[in-house]
Each structure stands twice: as C-alpha cells, then as structure tokens.
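As structure tokens, the structure follows; a few thoughts come after it.
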Amino acid sequence: MRWVRSGSVRVRSRSVGSVGSVGSVGSVEIRGEPLDLSSCDALEVVLKSLRFDFINLQVARLEESGAASLLDMILFYESTTHLDMSDSSSMGASSWRALAHLIKQVGVCEAVDVCNVPVVDFPSRSLSKALLTSRLTVLHLHNAQLSGMPLYTLVGALRTNTALKELHLTNNHLNGSQDALHLGDLLRYNSTLHTVQLSSNAVAGQPLVRQLSPAGEAGKGRAPGGPWGEAG
C-alpha cells in the first residue's frame, strides 16, 4: 500500500504498476482536499494511466462539479471494475446524471455501490433508467431509503434487465406489503438475478422473499411451484 500525490489530492493504492505507465492496481482510495473541478483535473493522470480493481470514493469529500467530472473520467478511461460512491451525501443532479451515464455505458465496470445515500425522486429515476440497458452485474444500495415509489421505479427497470446478478438492498425499511409485492414482480419476470440481499428489512421475514442463491444449488434458489422460496 502506498500513497501517490496528484496535485492537492493524495491517492492511496495497492499497486502493481506505476503512475505514468499503463498498468493495473488492486485498489485505490482517494483522500485529501474536497474534490472540486481542479482537483479532478489533477487526478486525470492517475485515471488514464492505471486501471483499478476497486475505486473507493467513500472517504473523498466530493463536491458537485468534481464528482460529475470524476465520474466522466472514470467512464472515459474505463478506470475500474468496481466503484464505491457510498456516503456521498453532496451528490446533486449533475453527479447523478454522470453516475447514471457511467452505469448505462459501462464496459469494464461490473459493480457499483451507492450506500447510505437517499436514492429517491430524481436519483431513483435516473438510476432506474440507466439500469434498463446496463451491463452492470452487482449493485449495492444499502440504506438508500428505497421503500415505496423508489423500489417500484427500480423494479420496473430491472424486470427486463438481463445483466444484473446481485442486488443488495440491506436496511431499506422495505415492508411486507407493497414492497414485497414489488419484489415478487421483480423475480417473477427477471430470470438473471441469483442473489437479492434483503437483511435488516421487515420484508426479509415474509414467506414470499428470501436471499436467493443460484438455482443450480441443491435446496436453494427459486422454490418449486413459484418464483419465491421461504425467508432464509
């Protein structure tokens, strides 16, 4: 693990390459000054030179203009296979548009985490629209206030999504009535998802929902005679 300074921003990486030459690294955490537009311009040399298994922006103090610019760079340079935007409470409309564009156009990135951030109203609609055609395979939306209309909007997009394999929805206050029905619709029409994580939700104890496993595993997956198994 080492620190690389790019402008006013420190980048901590577990590296098997070096900045300035094309290579790859295991993971990176971006720390330092608030990430405004000028800070992100300084990071471009890192993002275009290396491809990361994991970019962790949880610890970055993202500003609106900086977040949108950074996401555009990550998409353009195909900088990572796993992006974590959790705890980014300052994300505004331009940041959500940039994230949705990344998710929709993504080629290299396989997993995105947006946890501890309200995914309601515009963020919910923007994310759901991107997921209609996204090739993302893993999505973490823990503690994203998804109960009700946000979940309904998300399910509407994922019903026809053919790429996503894991959907993690821990601690979203999902209930055993309407939310359970929405989730039932999701797995009734989506044949690609093999894991739906619902722990710390009221819905997790309902007989219609469970954490799914690949259907090929004995005794697991979708229950015979219906799309749901018992809560596990």
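If you're wondering about the labels, chains in the structure tokens are A, B, ... by order shown, residues count from 1 in each chain, ligands from 1 in order shown.
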
Pick out each residue of segment 42-115 of chain A that DSSP on the backbone tags as strand (DSSP E); I need them as a ChimeraX atom specification. /A:50-56,82-84,111-113

Between atom CA of His101 of chain A and atom CA of Arg188 of chain A, what is the distance, to one decimal in Å? 27.6 Å

Set the distance at 12 Å and use only C-alpha atoms: which residues neighbour Asp87 of chain A once local chain neighbours fewer than 4 positions away are removed? I'd like the list as a list of chain:residue names.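 What passes the distance filter is A:Asn56, A:Leu57, A:Gln58, A:Val59, A:Ala60, A:Arg61, A:Leu62, A:Met91, A:Asp113, A:Val114, A:Cys115, A:Asn116, A:Val117, A:Pro118, A:Val119, A:Leu141, A:His142, A:Asn143, A:Ala144.
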
Convert the current residue selection to file output with all heavy atoms, as a short mmCIF file (atom, residue, chain, number, x, y, z; two decimals), in the first residue's frame.
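Full text of again.cif as output:
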```
data_model
loop_
_atom_site.label_atom_id
_atom_site.label_comp_id
_atom_site.auth_asym_id
_atom_site.auth_seq_id
_atom_site.Cartn_x
_atom_site.Cartn_y
_atom_site.Cartn_z
N ASN A 56 -12.41 3.46 -4.37
CA ASN A 56 -13.20 3.75 -3.17
C ASN A 56 -13.26 5.26 -2.96
O ASN A 56 -12.27 5.89 -2.60
CB ASN A 56 -12.56 3.06 -1.96
CG ASN A 56 -13.35 3.29 -0.69
OD1 ASN A 56 -14.41 3.93 -0.70
ND2 ASN A 56 -12.85 2.77 0.42
N LEU A 57 -14.45 5.83 -3.20
CA LEU A 57 -14.65 7.26 -3.02
C LEU A 57 -15.40 7.57 -1.73
O LEU A 57 -15.83 8.71 -1.53
CB LEU A 57 -15.41 7.84 -4.22
CG LEU A 57 -14.70 7.73 -5.57
CD1 LEU A 57 -15.57 8.33 -6.65
CD2 LEU A 57 -13.35 8.41 -5.53
N GLN A 58 -15.59 6.56 -0.88
CA GLN A 58 -16.29 6.80 0.38
C GLN A 58 -15.60 7.87 1.21
O GLN A 58 -16.26 8.65 1.90
CB GLN A 58 -16.35 5.51 1.20
CG GLN A 58 -17.45 4.55 0.77
CD GLN A 58 -17.52 3.38 1.73
OE1 GLN A 58 -16.67 2.49 1.70
NE2 GLN A 58 -18.52 3.38 2.58
N VAL A 59 -14.31 7.88 1.18
CA VAL A 59 -13.54 8.78 2.03
C VAL A 59 -13.25 10.12 1.35
O VAL A 59 -12.64 10.99 1.94
CB VAL A 59 -12.22 8.12 2.46
CG1 VAL A 59 -12.47 6.95 3.38
CG2 VAL A 59 -11.43 7.67 1.23
N ALA A 60 -13.67 10.27 0.10
CA ALA A 60 -13.44 11.53 -0.60
C ALA A 60 -14.54 12.53 -0.26
O ALA A 60 -15.69 12.17 -0.11
CB ALA A 60 -13.42 11.28 -2.11
N ARG A 61 -14.16 13.79 -0.10
CA ARG A 61 -15.14 14.85 0.14
C ARG A 61 -15.54 15.44 -1.20
O ARG A 61 -14.98 16.42 -1.67
CB ARG A 61 -14.55 15.89 1.08
CG ARG A 61 -14.39 15.38 2.51
CD ARG A 61 -13.88 16.48 3.43
NE ARG A 61 -12.48 16.76 3.20
CZ ARG A 61 -11.88 17.88 3.61
NH1 ARG A 61 -12.57 18.81 4.22
NH2 ARG A 61 -10.60 18.06 3.39
N LEU A 62 -16.51 14.81 -1.83
CA LEU A 62 -16.88 15.16 -3.19
C LEU A 62 -17.69 16.45 -3.23
O LEU A 62 -18.65 16.62 -2.50
CB LEU A 62 -17.71 14.03 -3.81
CG LEU A 62 -17.00 12.70 -4.04
CD1 LEU A 62 -17.99 11.64 -4.45
CD2 LEU A 62 -15.92 12.86 -5.10
N MET A 91 -23.98 14.63 -3.43
CA MET A 91 -24.28 14.40 -4.84
C MET A 91 -25.55 15.13 -5.25
O MET A 91 -26.60 15.00 -4.63
CB MET A 91 -24.42 12.91 -5.12
CG MET A 91 -23.13 12.14 -5.11
SD MET A 91 -23.37 10.36 -5.38
CE MET A 91 -24.01 10.36 -7.07
N ASP A 113 -21.42 0.56 -5.89
CA ASP A 113 -22.01 0.71 -4.56
C ASP A 113 -22.46 2.17 -4.38
O ASP A 113 -21.66 3.09 -4.56
CB ASP A 113 -20.99 0.39 -3.46
CG ASP A 113 -20.40 -1.00 -3.57
OD1 ASP A 113 -20.89 -1.79 -4.41
OD2 ASP A 113 -19.45 -1.29 -2.84
N VAL A 114 -23.73 2.35 -4.03
CA VAL A 114 -24.24 3.68 -3.68
C VAL A 114 -25.05 3.50 -2.40
O VAL A 114 -26.28 3.43 -2.43
CB VAL A 114 -25.11 4.29 -4.79
CG1 VAL A 114 -25.37 5.77 -4.51
CG2 VAL A 114 -24.45 4.15 -6.15
N CYS A 115 -24.37 3.39 -1.28
CA CYS A 115 -24.99 3.10 0.01
C CYS A 115 -25.00 4.34 0.91
O CYS A 115 -24.18 5.23 0.76
CB CYS A 115 -24.24 1.96 0.71
SG CYS A 115 -24.07 0.48 -0.30
N ASN A 116 -25.95 4.34 1.85
CA ASN A 116 -26.07 5.45 2.80
C ASN A 116 -26.29 6.79 2.10
O ASN A 116 -25.81 7.83 2.55
CB ASN A 116 -24.82 5.51 3.70
CG ASN A 116 -24.56 4.19 4.40
OD1 ASN A 116 -25.46 3.54 4.89
ND2 ASN A 116 -23.29 3.80 4.42
N VAL A 117 -26.98 6.73 0.97
CA VAL A 117 -27.34 7.91 0.19
C VAL A 117 -28.80 7.75 -0.22
O VAL A 117 -29.18 6.69 -0.73
CB VAL A 117 -26.47 8.04 -1.08
CG1 VAL A 117 -26.90 9.24 -1.90
CG2 VAL A 117 -25.00 8.14 -0.72
N PRO A 118 -29.66 8.75 -0.01
CA PRO A 118 -31.07 8.62 -0.43
C PRO A 118 -31.18 8.50 -1.95
O PRO A 118 -30.75 9.39 -2.68
CB PRO A 118 -31.71 9.93 0.07
CG PRO A 118 -30.78 10.46 1.11
CD PRO A 118 -29.41 10.04 0.69
N VAL A 119 -31.73 7.38 -2.40
CA VAL A 119 -31.96 7.18 -3.84
C VAL A 119 -33.47 7.34 -4.07
O VAL A 119 -34.21 6.36 -4.25
CB VAL A 119 -31.45 5.80 -4.30
CG1 VAL A 119 -31.61 5.64 -5.81
CG2 VAL A 119 -29.98 5.64 -3.93
N LEU A 141 -27.15 -1.14 -2.82
CA LEU A 141 -27.94 0.04 -2.47
C LEU A 141 -28.40 -0.08 -1.02
O LEU A 141 -29.58 0.05 -0.71
CB LEU A 141 -29.16 0.16 -3.40
CG LEU A 141 -28.88 0.44 -4.88
CD1 LEU A 141 -30.16 0.35 -5.69
CD2 LEU A 141 -28.23 1.81 -5.06
N HIS A 142 -27.48 -0.31 -0.12
CA HIS A 142 -27.82 -0.41 1.30
C HIS A 142 -28.24 0.96 1.84
O HIS A 142 -27.64 1.98 1.51
CB HIS A 142 -26.63 -0.93 2.11
CG HIS A 142 -26.07 -2.23 1.62
ND1 HIS A 142 -26.86 -3.33 1.40
CD2 HIS A 142 -24.80 -2.59 1.31
CE1 HIS A 142 -26.10 -4.32 0.98
NE2 HIS A 142 -24.85 -3.90 0.90
N ASN A 143 -29.25 0.96 2.70
CA ASN A 143 -29.66 2.17 3.40
C ASN A 143 -29.85 3.34 2.42
O ASN A 143 -29.27 4.42 2.58
CB ASN A 143 -28.63 2.55 4.47
CG ASN A 143 -29.14 3.64 5.40
OD1 ASN A 143 -30.33 3.78 5.62
ND2 ASN A 143 -28.21 4.42 5.94
N ALA A 144 -30.67 3.12 1.40
CA ALA A 144 -30.88 4.12 0.35
C ALA A 144 -32.31 4.65 0.32
O ALA A 144 -32.71 5.29 -0.65
CB ALA A 144 -30.51 3.53 -1.01
#
```

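Note that atom CA of Ser191 of chain A and atom CA of Arg159 of chain A are 8.7 Å apart.
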
Nearest-residue call for Leu83 of chain A, choices A:Thr133, A:Ser27, A:Pro34, A:Ser124, using only C-alpha atoms: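 Selected residue with least distance to Leu83 of chain A: A:Ser27.
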
Residue contacts of Phe122 of chain A (10 Å, only C-alpha atoms) excluding same-chain residues fewer than 4 positions away, as an MDAnalysis selection string: chainID A and resid 92:93 96:97 126:128 150

Can you work out the spacing between atom CA of Val155 of chain A and atom CA of Leu187 of chain A in Å, to one decimal?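 Here the two named atoms are 9.3 Å from each other.
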
Write out as a PDB file with N, CA, C and O atoms, in the first residue's frame which residues come within 12 Å of Phe76 of chain A when counting only C-alpha atoms, dropping same-chain ones fewer than 2 positions away.
```pdb
ATOM      1  N   GLU A  44      -6.515  13.197 -13.310  1.00  0.00           N
ATOM      2  CA  GLU A  44      -6.661  12.579 -14.626  1.00  0.00           C
ATOM      3  C   GLU A  44      -5.444  11.744 -15.014  1.00  0.00           C
ATOM      4  O   GLU A  44      -5.573  10.688 -15.631  1.00  0.00           O
ATOM      5  N   LEU A  47      -5.948   8.334 -13.464  1.00  0.00           N
ATOM      6  CA  LEU A  47      -7.066   7.558 -14.019  1.00  0.00           C
ATOM      7  C   LEU A  47      -6.801   7.081 -15.441  1.00  0.00           C
ATOM      8  O   LEU A  47      -7.266   6.018 -15.837  1.00  0.00           O
ATOM      9  N   LYS A  48      -6.054   7.853 -16.209  1.00  0.00           N
ATOM     10  CA  LYS A  48      -5.807   7.440 -17.587  1.00  0.00           C
ATOM     11  C   LYS A  48      -4.622   6.483 -17.708  1.00  0.00           C
ATOM     12  O   LYS A  48      -4.468   5.826 -18.741  1.00  0.00           O
ATOM     13  N   ARG A  51      -5.578   1.086 -14.423  1.00  0.00           N
ATOM     14  CA  ARG A  51      -6.914   0.528 -14.264  1.00  0.00           C
ATOM     15  C   ARG A  51      -6.974  -0.170 -12.906  1.00  0.00           C
ATOM     16  O   ARG A  51      -6.121  -0.986 -12.575  1.00  0.00           O
ATOM     17  N   SER A  69     -17.318  15.436 -12.846  1.00  0.00           N
ATOM     18  CA  SER A  69     -16.128  15.371 -13.686  1.00  0.00           C
ATOM     19  C   SER A  69     -15.369  14.072 -13.472  1.00  0.00           C
ATOM     20  O   SER A  69     -14.910  13.427 -14.426  1.00  0.00           O
ATOM     21  N   LEU A  70     -15.246  13.667 -12.200  1.00  0.00           N
ATOM     22  CA  LEU A  70     -14.523  12.443 -11.867  1.00  0.00           C
ATOM     23  C   LEU A  70     -15.208  11.222 -12.462  1.00  0.00           C
ATOM     24  O   LEU A  70     -14.559  10.324 -13.016  1.00  0.00           O
ATOM     25  N   LEU A  71     -16.528  11.160 -12.366  1.00  0.00           N
ATOM     26  CA  LEU A  71     -17.276  10.038 -12.925  1.00  0.00           C
ATOM     27  C   LEU A  71     -17.134   9.979 -14.444  1.00  0.00           C
ATOM     28  O   LEU A  71     -17.024   8.891 -15.026  1.00  0.00           O
ATOM     29  N   ASP A  72     -17.142  11.134 -15.083  1.00  0.00           N
ATOM     30  CA  ASP A  72     -16.948  11.163 -16.538  1.00  0.00           C
ATOM     31  C   ASP A  72     -15.571  10.626 -16.915  1.00  0.00           C
ATOM     32  O   ASP A  72     -15.419   9.900 -17.904  1.00  0.00           O
ATOM     33  N   MET A  73     -14.557  10.965 -16.123  1.00  0.00           N
ATOM     34  CA  MET A  73     -13.207  10.464 -16.386  1.00  0.00           C
ATOM     35  C   MET A  73     -13.139   8.954 -16.197  1.00  0.00           C
ATOM     36  O   MET A  73     -12.517   8.241 -16.998  1.00  0.00           O
ATOM     37  N   ILE A  74     -13.736   8.463 -15.109  1.00  0.00           N
ATOM     38  CA  ILE A  74     -13.717   7.024 -14.824  1.00  0.00           C
ATOM     39  C   ILE A  74     -14.362   6.253 -15.971  1.00  0.00           C
ATOM     40  O   ILE A  74     -13.881   5.193 -16.381  1.00  0.00           O
ATOM     41  N   GLU A  78     -12.238   4.046 -18.568  1.00  0.00           N
ATOM     42  CA  GLU A  78     -12.565   2.690 -18.100  1.00  0.00           C
ATOM     43  C   GLU A  78     -11.627   2.307 -16.959  1.00  0.00           C
ATOM     44  O   GLU A  78     -10.932   1.293 -17.001  1.00  0.00           O
ATOM     45  N   SER A  79     -11.647   3.125 -15.903  1.00  0.00           N
ATOM     46  CA  SER A  79     -10.615   3.070 -14.877  1.00  0.00           C
ATOM     47  C   SER A  79     -10.794   1.989 -13.828  1.00  0.00           C
ATOM     48  O   SER A  79      -9.861   1.714 -13.072  1.00  0.00           O
ATOM     49  N   THR A  80     -11.992   1.380 -13.725  1.00  0.00           N
ATOM     50  CA  THR A  80     -12.196   0.426 -12.637  1.00  0.00           C
ATOM     51  C   THR A  80     -13.244  -0.616 -12.981  1.00  0.00           C
ATOM     52  O   THR A  80     -14.103  -0.399 -13.845  1.00  0.00           O
ATOM     53  N   ALA A  98     -24.208  11.885 -14.232  1.00  0.00           N
ATOM     54  CA  ALA A  98     -22.921  11.300 -14.613  1.00  0.00           C
ATOM     55  C   ALA A  98     -22.827   9.845 -14.169  1.00  0.00           C
ATOM     56  O   ALA A  98     -22.325   8.983 -14.908  1.00  0.00           O
ATOM     57  N   HIS A 101     -25.033   7.758 -16.402  1.00  0.00           N
ATOM     58  CA  HIS A 101     -24.398   7.583 -17.713  1.00  0.00           C
ATOM     59  C   HIS A 101     -23.310   6.524 -17.635  1.00  0.00           C
ATOM     60  O   HIS A 101     -23.179   5.681 -18.539  1.00  0.00           O
ATOM     61  N   LEU A 102     -22.534   6.527 -16.552  1.00  0.00           N
ATOM     62  CA  LEU A 102     -21.494   5.510 -16.364  1.00  0.00           C
ATOM     63  C   LEU A 102     -22.108   4.120 -16.290  1.00  0.00           C
ATOM     64  O   LEU A 102     -21.634   3.177 -16.932  1.00  0.00           O
ATOM     65  N   GLN A 105     -23.458   3.096 -19.798  1.00  0.00           N
ATOM     66  CA  GLN A 105     -22.457   2.889 -20.843  1.00  0.00           C
ATOM     67  C   GLN A 105     -21.336   1.957 -20.434  1.00  0.00           C
ATOM     68  O   GLN A 105     -20.475   1.654 -21.245  1.00  0.00           O
ATOM     69  N   VAL A 106     -21.374   1.499 -19.208  1.00  0.00           N
ATOM     70  CA  VAL A 106     -20.234   0.803 -18.637  1.00  0.00           C
ATOM     71  C   VAL A 106     -19.811  -0.404 -19.468  1.00  0.00           C
ATOM     72  O   VAL A 106     -20.642  -1.152 -19.985  1.00  0.00           O
ATOM     73  N   GLY A 107     -18.482  -0.540 -19.626  1.00  0.00           N
ATOM     74  CA  GLY A 107     -17.949  -1.702 -20.305  1.00  0.00           C
ATOM     75  C   GLY A 107     -17.093  -2.529 -19.365  1.00  0.00           C
ATOM     76  O   GLY A 107     -17.284  -3.723 -19.206  1.00  0.00           O
ATOM     77  N   VAL A 108     -16.148  -1.857 -18.683  1.00  0.00           N
ATOM     78  CA  VAL A 108     -15.239  -2.543 -17.778  1.00  0.00           C
ATOM     79  C   VAL A 108     -15.840  -2.689 -16.382  1.00  0.00           C
ATOM     80  O   VAL A 108     -15.695  -3.722 -15.730  1.00  0.00           O
ATOM     81  N   CYS A 109     -16.520  -1.653 -15.894  1.00  0.00           N
ATOM     82  CA  CYS A 109     -17.043  -1.656 -14.524  1.00  0.00           C
ATOM     83  C   CYS A 109     -18.166  -2.678 -14.372  1.00  0.00           C
ATOM     84  O   CYS A 109     -19.125  -2.697 -15.144  1.00  0.00           O
TER      85      CYS A 109
END
```
